[in-house]
Structure formats: structure tokens, C-alpha cells
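Coordinates from my_file_36.cif are shown below (mmCIF, C-alpha atoms and all ligand atoms).
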data_upload
loop_
_atom_site.group_PDB
_atom_site.id
_atom_site.type_symbol
_atom_site.label_atom_id
_atom_site.label_comp_id
_atom_site.auth_asym_id
_atom_site.auth_seq_id
_atom_site.Cartn_x
_atom_site.Cartn_y
_atom_site.Cartn_z
ATOM 1 C CA MET A 1 -13.299 13.321 -39.914
ATOM 2 C CA LYS A 2 -16.933 14.317 -40.171
ATOM 3 C CA LEU A 3 -19.245 12.352 -42.444
ATOM 4 C CA LEU A 4 -22.819 12.759 -43.607
ATOM 5 C CA LEU A 5 -24.780 9.588 -44.299
ATOM 6 C CA VAL A 6 -27.955 9.979 -46.384
ATOM 7 C CA GLU A 7 -29.808 6.651 -46.530
ATOM 8 C CA ASP A 8 -33.499 5.913 -46.088
ATOM 9 C CA GLU A 9 -33.246 2.191 -45.266
ATOM 10 C CA ALA A 10 -33.122 2.268 -41.484
ATOM 11 C CA GLY A 11 -31.340 -1.080 -41.100
ATOM 12 C CA LEU A 12 -28.588 -0.243 -43.554
ATOM 13 C CA ARG A 13 -28.253 3.249 -42.145
ATOM 14 C CA ALA A 14 -27.785 1.940 -38.615
ATOM 15 C CA ALA A 15 -25.263 -0.686 -39.751
ATOM 16 C CA LEU A 16 -23.227 1.826 -41.767
ATOM 17 C CA CYS A 17 -23.331 4.335 -38.959
ATOM 18 C CA GLN A 18 -21.970 1.742 -36.533
ATOM 19 C CA LEU A 19 -19.266 0.663 -38.966
ATOM 20 C CA LEU A 20 -18.121 4.244 -39.553
ATOM 21 C CA GLN A 21 -18.163 5.134 -35.862
ATOM 22 C CA ASN A 22 -16.028 2.064 -35.180
ATOM 23 C CA GLU A 23 -13.541 3.565 -37.634
ATOM 24 C CA GLN A 24 -13.523 6.781 -35.542
ATOM 25 C CA TYR A 25 -15.545 8.817 -38.030
ATOM 26 C CA ASP A 26 -17.962 11.380 -36.627
ATOM 27 C CA VAL A 27 -21.245 10.587 -38.437
ATOM 28 C CA ASP A 28 -24.443 12.593 -38.928
ATOM 29 C CA GLN A 29 -27.293 10.624 -40.483
ATOM 30 C CA VAL A 30 -30.413 11.696 -42.327
ATOM 31 C CA ALA A 31 -33.099 9.644 -44.102
ATOM 32 C CA ASN A 32 -34.384 11.754 -47.003
ATOM 33 C CA GLY A 33 -33.217 13.935 -49.882
ATOM 34 C CA PRO A 34 -34.228 17.411 -48.655
ATOM 35 C CA ASP A 35 -32.554 16.851 -45.264
ATOM 36 C CA GLY A 36 -29.495 15.509 -47.043
ATOM 37 C CA LEU A 37 -29.223 18.635 -49.178
ATOM 38 C CA GLU A 38 -29.754 20.956 -46.215
ATOM 39 C CA HIS A 39 -26.956 19.230 -44.295
ATOM 40 C CA MET A 40 -24.621 19.150 -47.316
ATOM 41 C CA LEU A 41 -25.032 22.879 -47.862
ATOM 42 C CA THR A 42 -23.532 23.620 -44.441
ATOM 43 C CA GLY A 43 -20.183 22.607 -45.938
ATOM 44 C CA VAL A 44 -18.982 21.113 -42.644
ATOM 45 C CA TYR A 45 -18.551 17.530 -43.874
ATOM 46 C CA ASP A 46 -15.350 15.895 -45.056
ATOM 47 C CA ALA A 47 -17.299 13.410 -47.172
ATOM 48 C CA VAL A 48 -20.896 12.431 -47.920
ATOM 49 C CA ILE A 49 -22.318 8.948 -48.453
ATOM 50 C CA LEU A 50 -25.416 9.490 -50.568
ATOM 51 C CA ASP A 51 -28.026 6.901 -51.520
ATOM 52 C CA VAL A 52 -29.684 7.334 -54.941
ATOM 53 C CA MET A 53 -33.272 6.286 -54.204
ATOM 54 C CA LEU A 54 -34.428 8.611 -51.444
ATOM 55 C CA PRO A 55 -37.807 9.981 -50.397
ATOM 56 C CA GLY A 56 -38.475 13.648 -51.183
ATOM 57 C CA MET A 57 -35.592 14.175 -53.603
ATOM 58 C CA ASP A 58 -33.343 11.576 -55.251
ATOM 59 C CA GLY A 59 -29.599 11.438 -54.660
ATOM 60 C CA PHE A 60 -28.754 12.768 -58.141
ATOM 61 C CA SER A 61 -30.864 15.892 -57.589
ATOM 62 C CA VAL A 62 -29.369 16.391 -54.122
ATOM 63 C CA LEU A 63 -25.854 16.164 -55.528
ATOM 64 C CA GLN A 64 -26.577 18.351 -58.537
ATOM 65 C CA SER A 65 -28.127 21.049 -56.379
ATOM 66 C CA ALA A 66 -25.277 20.937 -53.838
ATOM 67 C CA ARG A 67 -22.621 21.185 -56.579
ATOM 68 C CA LYS A 68 -24.480 24.097 -58.220
ATOM 69 C CA GLN A 69 -24.360 25.896 -54.885
ATOM 70 C CA GLY A 70 -20.618 25.446 -54.638
ATOM 71 C CA VAL A 71 -20.351 22.456 -52.287
ATOM 72 C CA ARG A 72 -17.150 20.579 -53.173
ATOM 73 C CA THR A 73 -17.345 17.889 -50.502
ATOM 74 C CA PRO A 74 -16.349 14.452 -51.870
ATOM 75 C CA VAL A 75 -19.407 12.266 -52.463
ATOM 76 C CA LEU A 76 -19.717 8.494 -52.515
ATOM 77 C CA MET A 77 -22.999 7.412 -54.102
ATOM 78 C CA LEU A 78 -24.768 4.186 -53.210
ATOM 79 C CA THR A 79 -27.218 2.386 -55.422
ATOM 80 C CA ALA A 80 -28.896 -0.925 -56.039
ATOM 81 C CA ARG A 81 -27.349 -3.085 -58.761
ATOM 82 C CA ALA A 82 -30.475 -2.666 -60.926
ATOM 83 C CA GLU A 83 -29.751 1.047 -61.156
ATOM 84 C CA LEU A 84 -26.271 0.441 -62.503
ATOM 85 C CA GLU A 85 -27.023 2.184 -65.818
ATOM 86 C CA ASP A 86 -27.295 5.366 -63.788
ATOM 87 C CA ARG A 87 -23.615 5.131 -63.028
ATOM 88 C CA VAL A 88 -22.592 7.531 -65.757
ATOM 89 C CA ARG A 89 -25.243 9.975 -64.690
ATOM 90 C CA GLY A 90 -23.899 9.901 -61.132
ATOM 91 C CA LEU A 91 -20.373 10.668 -62.273
ATOM 92 C CA ASP A 92 -21.598 13.417 -64.590
ATOM 93 C CA ASN A 93 -23.352 15.026 -61.671
ATOM 94 C CA GLY A 94 -20.157 15.308 -59.700
ATOM 95 C CA ALA A 95 -20.104 12.128 -57.626
ATOM 96 C CA ASP A 96 -16.559 11.076 -56.788
ATOM 97 C CA TYR A 97 -17.326 7.395 -56.589
ATOM 98 C CA TYR A 98 -20.162 5.021 -57.184
ATOM 99 C CA LEU A 99 -20.706 1.880 -55.113
ATOM 100 C CA THR A 100 -23.371 -0.705 -55.931
ATOM 101 C CA LYS A 101 -25.340 -2.520 -53.227
ATOM 102 C CA PRO A 102 -24.637 -5.015 -51.821
ATOM 103 C CA PHE A 103 -21.037 -4.045 -51.107
ATOM 104 C CA GLN A 104 -18.333 -5.252 -48.764
ATOM 105 C CA THR A 105 -17.706 -2.994 -45.791
ATOM 106 C CA GLN A 106 -13.971 -2.970 -46.553
ATOM 107 C CA GLU A 107 -14.765 -1.723 -50.052
ATOM 108 C CA LEU A 108 -16.831 1.134 -48.653
ATOM 109 C CA LEU A 109 -14.070 2.141 -46.225
ATOM 110 C CA ALA A 110 -11.433 1.997 -48.962
ATOM 111 C CA CYS A 111 -13.592 4.201 -51.236
ATOM 112 C CA LEU A 112 -14.084 6.709 -48.466
ATOM 113 C CA ARG A 113 -10.366 6.935 -47.794
ATOM 114 C CA ALA A 114 -9.714 7.336 -51.511
ATOM 115 C CA ILE A 115 -12.202 10.155 -52.091
ATOM 116 C CA MET A 116 -11.029 12.060 -49.011
ATOM 117 C CA ARG A 117 -7.375 11.887 -49.954
ATOM 118 C CA ARG A 118 -6.370 15.188 -51.429
ATOM 119 C CA PRO A 119 -3.771 15.724 -54.118
ATOM 120 C CA GLY A 120 -0.371 16.044 -52.486
ATOM 121 C CA GLU A 121 -1.458 14.319 -49.313
ATOM 122 C CA THR A 122 0.696 11.235 -49.422
ATOM 123 C CA THR A 123 -0.612 9.261 -46.495
ATOM 124 C CA TYR A 124 -3.940 9.220 -44.813
ATOM 125 C CA SER A 125 -2.611 8.166 -41.420
ATOM 126 C CA ALA A 126 -0.159 11.011 -40.775
ATOM 127 C CA LEU A 127 -0.907 14.667 -41.482
ATOM 128 C CA CYS A 128 2.147 16.933 -41.502
ATOM 129 C CA PHE A 129 2.949 20.625 -41.466
ATOM 130 C CA SER A 130 6.193 22.350 -40.547
ATOM 131 C CA ASP A 131 7.693 20.143 -37.799
ATOM 132 C CA LEU A 132 4.335 18.683 -36.729
ATOM 133 C CA GLU A 133 3.087 15.187 -37.466
ATOM 134 C CA LEU A 134 -0.384 14.037 -36.501
ATOM 135 C CA HIS A 135 -0.828 10.284 -36.143
ATOM 136 C CA GLN A 136 -4.584 10.063 -36.406
ATOM 137 C CA GLN A 137 -5.069 6.402 -35.538
ATOM 138 C CA GLU A 138 -3.140 6.827 -32.290
ATOM 139 C CA GLY A 139 -4.374 10.335 -31.511
ATOM 140 C CA ARG A 140 -0.764 11.424 -31.134
ATOM 141 C CA LEU A 141 0.895 14.675 -32.185
ATOM 142 C CA SER A 142 4.664 14.694 -32.549
ATOM 143 C CA CYS A 143 7.378 17.191 -33.329
ATOM 144 C CA THR A 144 10.136 16.209 -35.747
ATOM 145 C CA THR A 145 12.628 18.777 -34.365
ATOM 146 C CA THR A 146 12.358 17.940 -30.656
ATOM 147 C CA HIS A 147 11.106 14.329 -31.025
ATOM 148 C CA GLN A 148 8.513 14.997 -28.334
ATOM 149 C CA ASN A 149 5.069 13.374 -28.422
ATOM 150 C CA VAL A 150 1.779 14.319 -26.916
ATOM 151 C CA LYS A 151 -1.633 12.609 -26.776
ATOM 152 C CA LEU A 152 -4.681 14.518 -27.999
ATOM 153 C CA SER A 153 -8.256 14.188 -26.813
ATOM 154 C CA ALA A 154 -10.900 13.365 -29.450
ATOM 155 C CA LYS A 155 -11.919 17.012 -29.913
ATOM 156 C CA GLU A 156 -8.338 18.288 -29.967
ATOM 157 C CA LEU A 157 -7.568 15.650 -32.597
ATOM 158 C CA ARG A 158 -10.466 16.759 -34.767
ATOM 159 C CA LEU A 159 -9.477 20.420 -34.523
ATOM 160 C CA MET A 160 -5.860 19.614 -35.336
ATOM 161 C CA GLU A 161 -6.949 17.604 -38.395
ATOM 162 C CA TYR A 162 -8.677 20.663 -39.836
ATOM 163 C CA PHE A 163 -5.710 22.942 -39.195
ATOM 164 C CA LEU A 164 -3.203 20.465 -40.616
ATOM 165 C CA ARG A 165 -5.206 19.790 -43.753
ATOM 166 C CA GLU A 166 -5.217 23.480 -44.640
ATOM 167 C CA PRO A 167 -2.280 25.254 -42.986
ATOM 168 C CA GLY A 168 -2.562 29.031 -43.162
ATOM 169 C CA ARG A 169 -6.328 28.965 -43.629
ATOM 170 C CA ILE A 170 -8.171 31.038 -41.059
ATOM 171 C CA PHE A 171 -11.043 29.026 -39.602
ATOM 172 C CA SER A 172 -13.802 30.997 -37.914
ATOM 173 C CA ARG A 173 -14.918 29.905 -34.442
ATOM 174 C CA GLU A 174 -18.385 29.268 -35.848
ATOM 175 C CA LEU A 175 -17.098 26.899 -38.521
ATOM 176 C CA LEU A 176 -14.858 25.034 -36.069
ATOM 177 C CA ALA A 177 -17.741 24.721 -33.599
ATOM 178 C CA GLU A 178 -19.944 23.249 -36.316
ATOM 179 C CA LYS A 179 -17.257 20.874 -37.483
ATOM 180 C CA VAL A 180 -16.295 19.644 -34.042
ATOM 181 C CA TRP A 181 -19.524 19.873 -32.067
ATOM 182 C CA GLY A 182 -21.968 19.282 -34.898
ATOM 183 C CA TYR A 183 -24.385 21.062 -37.131
ATOM 184 C CA GLU A 184 -27.245 21.303 -34.674
ATOM 185 C CA SER A 185 -25.273 21.434 -31.467
ATOM 186 C CA GLU A 186 -25.654 24.222 -28.970
ATOM 187 C CA ALA A 187 -21.924 24.275 -28.296
ATOM 188 C CA GLU A 188 -20.864 27.682 -27.152
ATOM 189 C CA TYR A 189 -18.211 29.301 -29.235
ATOM 190 C CA ASN A 190 -16.038 29.940 -26.202
ATOM 191 C CA ASN A 191 -15.557 26.146 -25.987
ATOM 192 C CA ILE A 192 -13.402 26.608 -29.057
ATOM 193 C CA GLU A 193 -11.206 29.096 -27.222
ATOM 194 C CA VAL A 194 -10.738 26.578 -24.416
ATOM 195 C CA TYR A 195 -9.687 23.835 -26.834
ATOM 196 C CA ILE A 196 -7.408 26.191 -28.765
ATOM 197 C CA SER A 197 -5.679 27.036 -25.485
ATOM 198 C CA PHE A 198 -5.274 23.290 -24.719
ATOM 199 C CA LEU A 199 -3.728 22.801 -28.151
ATOM 200 C CA ARG A 200 -1.413 25.780 -27.693
ATOM 201 C CA LYS A 201 -0.151 24.323 -24.405
ATOM 202 C CA LYS A 202 0.538 21.046 -26.180
ATOM 203 C CA LEU A 203 2.358 22.780 -29.053
ATOM 204 C CA ALA A 204 4.437 24.655 -26.476
ATOM 205 C CA PHE A 205 5.205 21.387 -24.677
ATOM 206 C CA LEU A 206 6.319 19.849 -27.975
ATOM 207 C CA GLY A 207 8.532 22.863 -28.685
ATOM 208 C CA ALA A 208 7.121 22.951 -32.214
ATOM 209 C CA HIS A 209 7.755 25.740 -34.723
ATOM 210 C CA ALA A 210 4.106 25.574 -35.807
ATOM 211 C CA LYS A 211 1.793 27.890 -33.889
ATOM 212 C CA LEU A 212 -1.941 28.508 -33.696
ATOM 213 C CA LYS A 213 -2.432 32.134 -34.559
ATOM 214 C CA THR A 214 -5.471 34.208 -33.592
ATOM 215 C CA THR A 215 -6.713 36.741 -36.113
ATOM 216 C CA ARG A 216 -8.871 38.935 -33.934
ATOM 217 C CA GLY A 217 -12.517 38.932 -34.887
ATOM 218 C CA ILE A 218 -11.944 36.361 -37.624
ATOM 219 C CA GLY A 219 -10.586 33.089 -36.301
ATOM 220 C CA TYR A 220 -7.610 30.784 -35.969
ATOM 221 C CA SER A 221 -4.976 29.430 -38.314
ATOM 222 C CA LEU A 222 -1.973 27.141 -38.128
ATOM 223 C CA GLU A 223 1.175 29.009 -39.069
ATOM 224 C CA GLU A 224 4.889 28.446 -39.055
ATOM 225 C CA ASP A 225 6.609 30.560 -36.419
ATOM 226 C CA THR A 226 9.440 32.444 -38.052
HETATM 227 CA CA CA B 1 -32.824 4.039 -50.783
#

Take the structure from the file and write it as C-alpha cells.
Ligand code: CA
Amino acid sequence: MKLLLVEDEAGLRAALCQLLQNEQYDVDQVANGPDGLEHMLTGVYDAVILDVMLPGMDGFSVLQSARKQGVRTPVLMLTARAELEDRVRGLDNGADYYLTKPFQTQELLACLRAIMRRPGETTYSALCFSDLELHQQEGRLSCTTTHQNVKLSAKELRLMEYFLREPGRIFSRELLAEKVWGYESEAEYNNIEVYISFLRKKLAFLGAHAKLKTTRGIGYSLEEDT
């Protein structure tokens, strides 16, 4: 899961970043409003943690602008207790949740899990499609027909998460590269082909009905083999 953290207090930013990385989130961090907006507009994040008081552009304006431009990423807004009256404004602007500082780390993690949970997705820990089950905490992919299991590397796990969350969606190589290697990374797109081939070998080993399909010139999707 890829997160964007927009927070100008360096100490808090570092602490949150560490906490989230310990929970296996892939975190990009920025320290001001304009950078936050620019990153949000890439659409590569699974959730955004957005502070309200930010240099350059406040969190409300960042969120409002991102929503106007079609960004639907779940957003958790952070604010000082004194700014509590702004709560309604935050929700009106499309924030999914509002957390007042100081907060407990467990509360933050619970909020994040809640805003990222999509309708119809019953558990956060196992993502399923066809006869595939992804156990994210263990990095393990299993097949319910053959009862085989296979371990995934960190990047394979991240790719599989995206496919399993939206089966049938065709992901372009560019989007997958951004999601897995990062917004500003120089990752070559043919890395994606290498990882897709690793995943295909693992799906073949599992004997799963689900397959990774290539749509030439467009990208890859997870489909049920009929
Ligand atoms: Ca701040």
C-alpha cells in the first residue's frame, strides 16, 4: 500500500513515516501544500495523510483542488485541537476522516485501515479473486483449488495487491511502475515485465485459474481463465 504523508513538522513527519514503514506501508513524504497537491494529482496513492496547517497552501485547499481534479484517493486529515471547529469544513471538502493532534498511533493506523477499506472488501488482511487469496501480512499467495502456497517478494506483493483490488482492470506499465517504484523513480518500464513474468511463474506453480493477461500496447490485468 502506497501512502502520501503531507506534514510540515519535521519531527512528527519523521515519527509518522517510521511508524507507517514499520507497518509495511510504502510512504512518500512532503512538507508543504503545493508539493502535497502535485503528488496527490499523480493518483498513485492508496491513501493520503494531510495536515491542515501547511506552508504554501493549507490542507483544505489542497484537498479541495485535488477533489475538483478528480482525485478520489481516501484522505485522513490531521489538525491541532484548537482547529477543531474546522472539522465540518474538512468533511465538506471531501476528507474521509479527521484526526486531532495529539493522537494515539493505534488510532491513526485504525483510521487508515478504515478509509482504505472499500465497500465489499470484507477483510483487510486477505485479498481474494477467483481461486487466489493474498495474505498481505505474511506476503503469501495461495490457491483455494490446489491448496498450494507461494511466498511473494515485496514488489511482487505490491503488484498483486493492485491486481487483486481491481480484477479485470487493465493497468498500464507506466502506472504500475509509478505505484511500485515511486513517483520520481527512474525505474525502467521493462522491470515491470520482469516482475509480471515472476508472478506468472508463481501463478502457474499454484495451478490457479486466475491469470495475468497482457493487452498489447495497453497493459496488464488479472483475469479468470475460462
Ligand atoms: Ca502543520

Output of the PyMOL selection byres (((chain A and resi 40-51) around 6) and not hetatm), listed as a list in words: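 This file gives the following for the PyMOL selection byres (((chain A and resi 40-51) around 6) and not hetatm): Lys2, Leu3, Leu4, Leu5, Val6, Glu7, Leu37, Glu38, His39, Val52, Met53, Gly59, Thr73, Pro74, Val75, Leu76, Met77, Leu78 and Lys179 of chain A.
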
Same residues, C-alpha atoms, output as an mmCIF file, keeping the file's coordinate frame:
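Final file, out_3.cif:
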data_model
loop_
_atom_site.group_PDB
_atom_site.id
_atom_site.type_symbol
_atom_site.label_atom_id
_atom_site.label_comp_id
_atom_site.auth_asym_id
_atom_site.auth_seq_id
_atom_site.Cartn_x
_atom_site.Cartn_y
_atom_site.Cartn_z
ATOM 1 C CA LYS A 2 -16.933 14.317 -40.171
ATOM 2 C CA LEU A 3 -19.245 12.352 -42.444
ATOM 3 C CA LEU A 4 -22.819 12.759 -43.607
ATOM 4 C CA LEU A 5 -24.780 9.588 -44.299
ATOM 5 C CA VAL A 6 -27.955 9.979 -46.384
ATOM 6 C CA GLU A 7 -29.808 6.651 -46.530
ATOM 7 C CA LEU A 37 -29.223 18.635 -49.178
ATOM 8 C CA GLU A 38 -29.754 20.956 -46.215
ATOM 9 C CA HIS A 39 -26.956 19.230 -44.295
ATOM 10 C CA VAL A 52 -29.684 7.334 -54.941
ATOM 11 C CA MET A 53 -33.272 6.286 -54.204
ATOM 12 C CA GLY A 59 -29.599 11.438 -54.660
ATOM 13 C CA THR A 73 -17.345 17.889 -50.502
ATOM 14 C CA PRO A 74 -16.349 14.452 -51.870
ATOM 15 C CA VAL A 75 -19.407 12.266 -52.463
ATOM 16 C CA LEU A 76 -19.717 8.494 -52.515
ATOM 17 C CA MET A 77 -22.999 7.412 -54.102
ATOM 18 C CA LEU A 78 -24.768 4.186 -53.210
ATOM 19 C CA LYS A 179 -17.257 20.874 -37.483
#

Coordinates-based distance that separates CA of Lys155 in chain A from CA of Asn191 in chain A (Å, one decimal): 10.6 Å

Distance in Å - CA of Thr215 in chain A versus CA of Thr145 in chain A: 26.5 Å

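Counting all atoms listed in the file and comparing A:Ala10, A:Met1, A:Val194, A:Val30, the residue that lies closest to Tyr162 in chain A is A:Met1.
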
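When CA of Ser172 in chain A is paired with CA of Tyr220 in chain A, their separation reads 6.5 Å.
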
Neighbour residues at most 9 Å from (-17.4, 21.6, -35.5) (only C-alpha atoms) as a list in words: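 Taken together, the residues in range are Lys2, Val44, Arg158, Leu159, Arg173, Glu174, Leu175, Leu176, Ala177, Glu178, Lys179, Val180, Trp181, Gly182, Tyr183, Ser185 and Ala187 of chain A.
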
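Selection check: the PyMOL selection byres (((chain A and resi 140) around 7) and not hetatm) on the shown file gives Leu134, His135, Gln136, Glu138, Gly139, Leu141, Ser142, Asn149, Val150, Lys151 and Leu152 of chain A.
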
Kindly save the residues from that selection, with C-alpha atoms included, as a short mmCIF file (atom, residue, chain, number, x, y, z; two decimals), keeping the file's coordinate frame.
data_model
loop_
_atom_site.label_atom_id
_atom_site.label_comp_id
_atom_site.auth_asym_id
_atom_site.auth_seq_id
_atom_site.Cartn_x
_atom_site.Cartn_y
_atom_site.Cartn_z
CA LEU A 134 -0.38 14.04 -36.50
CA HIS A 135 -0.83 10.28 -36.14
CA GLN A 136 -4.58 10.06 -36.41
CA GLU A 138 -3.14 6.83 -32.29
CA GLY A 139 -4.37 10.34 -31.51
CA LEU A 141 0.90 14.68 -32.18
CA SER A 142 4.66 14.69 -32.55
CA ASN A 149 5.07 13.37 -28.42
CA VAL A 150 1.78 14.32 -26.92
CA LYS A 151 -1.63 12.61 -26.78
CA LEU A 152 -4.68 14.52 -28.00
#

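Applied to this file, the PyMOL selection byres (((chain A and resi 225) around 9) and not hetatm) selects the residues Ala208, His209, Ala210, Lys211, Glu223, Glu224 and Thr226 of chain A.
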
Minimum-distance residue to Ala15 in chain A, chosen among A:Thr144, A:Asp28, A:Leu157, A:Thr105 (using only C-alpha atoms):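 Under the stated criterion, the closest residue is A:Thr105.
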
Counting all atoms listed in the file, the residue of A:Leu20, A:Leu199, A:Ala31, A:Leu132 that sits nearest ligand CA 1 (chain B):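 Closest candidate: A:Ala31.
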
Proximity to Asp96 in chain A - best of A:Ala114, A:Leu212, A:Tyr195, A:Leu108, all atoms listed in the file: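 Residue with the minimum atom-to-atom distance to Asp96 in chain A: A:Ala114.
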
Could you put an axis-aligned box around every listed atom of range 16-24 of chain A, padded by 6 Å on each side, and send me its centre and edge lengths in Å to one decimal, as lines of an AutoDock Vina configuration file?
center_x = -18.4
center_y = 3.7
center_z = -38.5
size_x = 21.8
size_y = 18.1
size_z = 18.6

Residue among A:Gly70, A:Ile196, A:Leu206, A:Met160 lying closest to His147 in chain A, counting all atoms listed in the file: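 Among the listed residues, A:Leu206 lies closest to His147 in chain A.
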
Can you give me all heavy atoms for range 42-51 of chain A, written as a compact mmCIF listing (two decimals), in the frame of the given file?
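Everything below was put into selection03.txt:
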# COMPACT_ATOMS: atom_id res chain seq x y z
N THR A 42 -24.26 22.98 -45.54
CA THR A 42 -23.53 23.62 -44.44
C THR A 42 -22.03 23.60 -44.73
O THR A 42 -21.29 24.40 -44.18
CB THR A 42 -23.75 22.89 -43.10
OG1 THR A 42 -23.20 21.56 -43.20
CG2 THR A 42 -25.22 22.81 -42.74
N GLY A 43 -21.60 22.67 -45.58
CA GLY A 43 -20.18 22.61 -45.94
C GLY A 43 -19.28 22.09 -44.83
O GLY A 43 -18.06 22.18 -44.94
N VAL A 44 -19.83 21.53 -43.77
CA VAL A 44 -18.98 21.11 -42.64
C VAL A 44 -18.46 19.68 -42.78
O VAL A 44 -17.62 19.26 -42.00
CB VAL A 44 -19.70 21.24 -41.27
CG1 VAL A 44 -20.17 22.67 -41.05
CG2 VAL A 44 -20.84 20.26 -41.12
N TYR A 45 -18.93 18.94 -43.80
CA TYR A 45 -18.55 17.53 -43.87
C TYR A 45 -17.29 17.31 -44.70
O TYR A 45 -17.01 18.05 -45.64
CB TYR A 45 -19.71 16.71 -44.44
CG TYR A 45 -20.91 16.80 -43.53
CD1 TYR A 45 -21.95 17.66 -43.81
CD2 TYR A 45 -20.94 16.07 -42.35
CE1 TYR A 45 -23.03 17.80 -42.93
CE2 TYR A 45 -22.00 16.19 -41.46
CZ TYR A 45 -23.04 17.07 -41.77
OH TYR A 45 -24.07 17.19 -40.89
N ASP A 46 -16.56 16.26 -44.32
CA ASP A 46 -15.35 15.90 -45.06
C ASP A 46 -15.69 14.96 -46.20
O ASP A 46 -14.93 14.84 -47.16
CB ASP A 46 -14.36 15.22 -44.11
CG ASP A 46 -13.94 16.19 -43.02
OD1 ASP A 46 -13.30 17.19 -43.38
OD2 ASP A 46 -14.28 15.97 -41.86
N ALA A 47 -16.81 14.26 -46.09
CA ALA A 47 -17.30 13.41 -47.17
C ALA A 47 -18.77 13.10 -46.92
O ALA A 47 -19.25 13.18 -45.79
CB ALA A 47 -16.50 12.12 -47.26
N VAL A 48 -19.47 12.75 -48.02
CA VAL A 48 -20.90 12.43 -47.92
C VAL A 48 -21.13 11.07 -48.56
O VAL A 48 -20.60 10.79 -49.65
CB VAL A 48 -21.76 13.49 -48.65
CG1 VAL A 48 -23.24 13.13 -48.57
CG2 VAL A 48 -21.53 14.88 -48.06
N ILE A 49 -21.89 10.22 -47.87
CA ILE A 49 -22.32 8.95 -48.45
C ILE A 49 -23.79 9.15 -48.80
O ILE A 49 -24.61 9.41 -47.91
CB ILE A 49 -22.13 7.78 -47.46
CG1 ILE A 49 -20.65 7.67 -47.08
CG2 ILE A 49 -22.64 6.47 -48.06
CD1 ILE A 49 -20.38 6.67 -45.98
N LEU A 50 -24.09 9.07 -50.09
CA LEU A 50 -25.42 9.49 -50.57
C LEU A 50 -26.09 8.36 -51.33
O LEU A 50 -25.59 7.90 -52.35
CB LEU A 50 -25.21 10.72 -51.48
CG LEU A 50 -26.39 11.40 -52.11
CD1 LEU A 50 -27.35 11.94 -51.05
CD2 LEU A 50 -25.92 12.54 -53.02
N ASP A 51 -27.24 7.92 -50.83
CA ASP A 51 -28.03 6.90 -51.52
C ASP A 51 -28.72 7.55 -52.72
O ASP A 51 -28.98 8.77 -52.72
CB ASP A 51 -29.06 6.33 -50.53
CG ASP A 51 -29.78 5.12 -51.10
OD1 ASP A 51 -29.17 4.38 -51.91
OD2 ASP A 51 -30.95 4.91 -50.73
